[in-house]
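Notes for the one structure printed next.
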Amino acid sequence: MTDINTMNQAALGFSQASDKDILDAEQVFGAHHYGRLNLVVRKTEGCWLYSQDGSKYLDCLAAYSAANQGHHNPKIVAALKNALDGNYGSVISNVVYTDVLGLFLKKISTLVPQLGLRFGKEGNKALPKNGGVESVETAVKLARYYGYKSKGIADGKQEIIVAGNNFHGRTITIVSMSSTPKYKEGFGPLTPGFKMVDYGNGKQLADAVNENTCAILVEPMQGEGGMYIPEQGYLKTCREVADKHDLLLIFDEIQVGLGRTGKMFCFEHENVVPDAIILGKAISGGLVPLSVLVTNSALMDMVFKPGSDGSTYGGYPLACVAGIAALDVLVDDDLPGRAAKVGAVLKKRIEAVAAKSSHVKEVRGRGLFIGIEVKSGDAMVFCRKLLDLGVLANDSHGHTIRISPPLTINDEEMDYLVERLEKVLVD
Ligand SMILES: Cc1ncc(COP(=O)(O)O)c(C=O)c1O
């Protein structure tokens, strides 16, 4: 097999290894925990992915919202290059301060509207980690400790209410709150302390509360679960139940936050303010891993003390540099506004295609987060055809084609996409 480390030779991307060599390497040396589509990407730019032979693919997945700002967004790349050239990018022991972490924490804490209003208005605080699921774990710690310390629930008895069809990541604790068998089977013993109710069902939610309940954890719009917007009023009910029983309301906006649905934060559609929010993916513009839990400062101070949490790379300088630049791009380029405007046009155009198609059951979505549910229940059949035509998309929950391109998608790129959707969906 070709030596992969051939960076100094002229090549599209990292190496000149053939696609076959790469597939073989993964087959032999990699865990087979993803069912991958047959595409080896060598280079990315904006909304486009390039393969070795120079073919280009419109990225309508955007790494599940990590590339909201477009791949290799020049402002984020420049910030990272400066950090590397200026020798302030490497991980530094967490026993000392770095300027960039402080500035990143300030930026994200002030970008998020005041959370947990009943706990005071002294601002928010953020705790950084290295990827979505780690921050969901941090949120579980926040909720449980709150239940123990503030509500007097016996330690070990705390319960968090979660929604069916959720997706919050795949560590043991987080799959323990999942309703999807393949995430859990054979991986027991699972973590106790979660009670599941149907997504969108306010009555079930209210009935599920007992003396050990400490929090409600929910996605304000489901991503992996099938791209569902809960009925108007559901998030408000979540808030009311939380307030009535002194529970923390935590929103996982890892996939639907940071502009994706046409607002900076998805909860802004219903104007329901949670007590904590989890963000990841686009928070670093798709270049280095970063995620955060943001909550009311009083809550953060109640729960986390020196030693009660930590992570070697969590909030390391390079990630924070990317984070600051990525948030600046979202705000300066008004990508949430763009997603709202462009998304509304794209949804209408997809609905027009759907009206001519015998395959489509429903088109739903918000901003640039649009799902096309197919009658057959097998969205990947259409995603494979789209790939052959130069579009990368995948399914959400098997039955729905997920259309979630970078928020920078332009009119020409939209035309390209709609043309191909028409080809695969209209007989
Ligand atoms: C809503 C939601 N929560 C959590 C996660 C897990 O994030 P990560 O894969 O970065 O751990 C995801 C990933 O898709 C997600 O969509």
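Chain labels A, B, ... are given in the sequence in which chains occur in the structure tokens; within each chain residues are numbered consecutively from 1, and ligands are likewise numbered from 1 in the order shown.
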> Can you list every residue in region 92-203 of chain A that DSSP puts in strand (DSSP E or B), as a count of residues only?
Replying inline: 15
>> Taking only C-alpha atoms and all ligand atoms into account, list the residues no farther than 9 Å from ligand 1, as a ChimeraX atom specification.
In response: /A:63-66,130-136,166-171,174,218-219,221-225,252-256,278-281,289-291
Selection file, C-alpha atoms, as a short mmCIF file (atom, residue, chain, number, x, y, z; two decimals), in the first residue's frame:
data_model
loop_
_atom_site.label_atom_id
_atom_site.label_comp_id
_atom_site.auth_asym_id
_atom_site.auth_seq_id
_atom_site.Cartn_x
_atom_site.Cartn_y
_atom_site.Cartn_z
CA ALA A 63 -21.00 17.40 8.93
CA TYR A 64 -24.35 17.41 10.73
CA SER A 65 -24.15 21.22 11.14
CA ALA A 66 -20.45 21.44 12.05
CA ASN A 130 -14.15 18.39 23.01
CA GLY A 131 -17.34 17.31 21.30
CA GLY A 132 -21.09 17.26 21.71
CA VAL A 133 -21.52 14.13 23.75
CA GLU A 134 -19.01 15.27 26.35
CA SER A 135 -21.02 18.42 26.93
CA VAL A 136 -24.23 16.40 27.22
CA ASN A 166 -33.69 11.62 20.96
CA PHE A 167 -30.10 11.79 19.85
CA HIS A 168 -27.58 13.14 22.34
CA GLY A 169 -24.47 11.11 21.41
CA ARG A 170 -23.11 7.66 22.08
CA THR A 171 -21.19 7.28 25.34
CA ILE A 174 -25.88 9.05 26.90
CA VAL A 218 -34.73 17.81 25.17
CA GLU A 219 -33.78 18.90 21.65
CA MET A 221 -36.06 20.35 17.24
CA GLN A 222 -34.96 16.75 16.66
CA GLY A 223 -32.14 16.15 14.19
CA GLU A 224 -31.16 12.48 14.08
CA GLY A 225 -34.62 11.49 15.31
CA ASP A 252 -29.47 20.19 23.36
CA GLU A 253 -28.82 22.53 20.41
CA ILE A 254 -25.70 20.75 19.20
CA GLN A 255 -27.19 20.18 15.75
CA VAL A 256 -29.93 22.80 15.50
CA ILE A 278 -25.50 22.52 24.96
CA LEU A 279 -23.68 23.64 21.82
CA GLY A 280 -21.07 21.96 19.64
CA LYS A 281 -20.33 21.34 15.99
CA PRO A 289 -13.40 19.78 18.05
CA LEU A 290 -15.10 22.04 20.60
CA SER A 291 -18.36 22.04 22.53
#
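Counting only C-alpha atoms, the residue from A:Thr191, A:Gly123, A:Leu39, A:Ile92 that sits nearest to Lys56 (chain A) is A:Leu39.
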> From the list A:Val209, A:Lys182, A:Tyr199, A:Arg420, which residue is nearest Ile161 (chain A) when using only C-alpha atoms?
Replying inline: A:Val209
>> List the spatial neighbours of region 330-338 of chain A as a ChimeraX atom specification - criterion: any atom at most 8 Å away, only C-alpha atoms, same-chain residues fewer than 5 positions off excluded.
In response: /A:69,258-264,343,407-408
Which residues of region 115-155 of chain A come within 12 Å of region 239-245 of chain A, and for each one, what is the closest pair of atoms and their distance in Å to one decimal, counting only C-alpha atoms, sorted by chain and residue number, as JSON lines?
{"residue": "A:Gly116", "atom": "CA", "partner": "A:Asp243", "partner_atom": "CA", "distance": 10.2}
{"residue": "A:Leu117", "atom": "CA", "partner": "A:Asp243", "partner_atom": "CA", "distance": 10.6}
{"residue": "A:Arg118", "atom": "CA", "partner": "A:Asp243", "partner_atom": "CA", "distance": 8.7}
{"residue": "A:Phe119", "atom": "CA", "partner": "A:Asp243", "partner_atom": "CA", "distance": 11.3}
{"residue": "A:Ala143", "atom": "CA", "partner": "A:Ala242", "partner_atom": "CA", "distance": 12.0}
{"residue": "A:Gly147", "atom": "CA", "partner": "A:His245", "partner_atom": "CA", "distance": 11.2}
{"residue": "A:Lys151", "atom": "CA", "partner": "A:His245", "partner_atom": "CA", "distance": 9.9}
>> Taking the DSSP secondary structure from the backbone, can you list the residues of region 86-321 of chain A that are helix (DSSP H, G or I), as a ChimeraX atom specification?
In response: /A:99-111,117-119,132-149,172-175,181-184,202-208,234-244,266-269,281-284,297-303,317-321
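Take CA of Ser358 (chain A) and CA of Glu373 (chain A): the distance between them is 11.7 Å.
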>> One number please: CA of Asn124 (chain A) to CA of Asn94 (chain A), in Å, one decimal.
In response: 21.2 Å
> If we count only C-alpha atoms, what is near Asp309 (chain A) at a cut-off of 10 Å, once residues fewer than 5 positions away on the same chain are taken out, given as a PyMOL selection string?
Replying inline: chain A and resi 127+138+141+303-304
Mind dumping the selected residues with N, CA and C atoms as a PDB file, in the first residue's frame?
ATOM      1  N   LEU A 127     -18.770  26.031  30.102  1.00  0.00           N
ATOM      2  CA  LEU A 127     -17.754  25.014  30.410  1.00  0.00           C
ATOM      3  C   LEU A 127     -17.436  24.266  29.115  1.00  0.00           C
ATOM      4  N   THR A 138     -21.715  16.646  30.650  1.00  0.00           N
ATOM      5  CA  THR A 138     -21.557  17.752  31.611  1.00  0.00           C
ATOM      6  C   THR A 138     -22.925  18.260  32.052  1.00  0.00           C
ATOM      7  N   LYS A 141     -24.386  16.042  34.610  1.00  0.00           N
ATOM      8  CA  LYS A 141     -23.791  16.327  35.924  1.00  0.00           C
ATOM      9  C   LYS A 141     -24.431  17.564  36.550  1.00  0.00           C
ATOM     10  N   VAL A 303     -22.581  24.187  40.960  1.00  0.00           N
ATOM     11  CA  VAL A 303     -22.285  22.784  40.638  1.00  0.00           C
ATOM     12  C   VAL A 303     -20.791  22.493  40.494  1.00  0.00           C
ATOM     13  N   PHE A 304     -20.087  23.344  39.774  1.00  0.00           N
ATOM     14  CA  PHE A 304     -18.720  22.965  39.423  1.00  0.00           C
ATOM     15  C   PHE A 304     -17.683  23.698  40.266  1.00  0.00           C
TER      16      PHE A 304
END
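Distances here use only C-alpha atoms; by that measure, the residue among A:Pro306, A:Asp378, A:Thr295, A:Gly257 closest to Arg366 (chain A) is A:Gly257.
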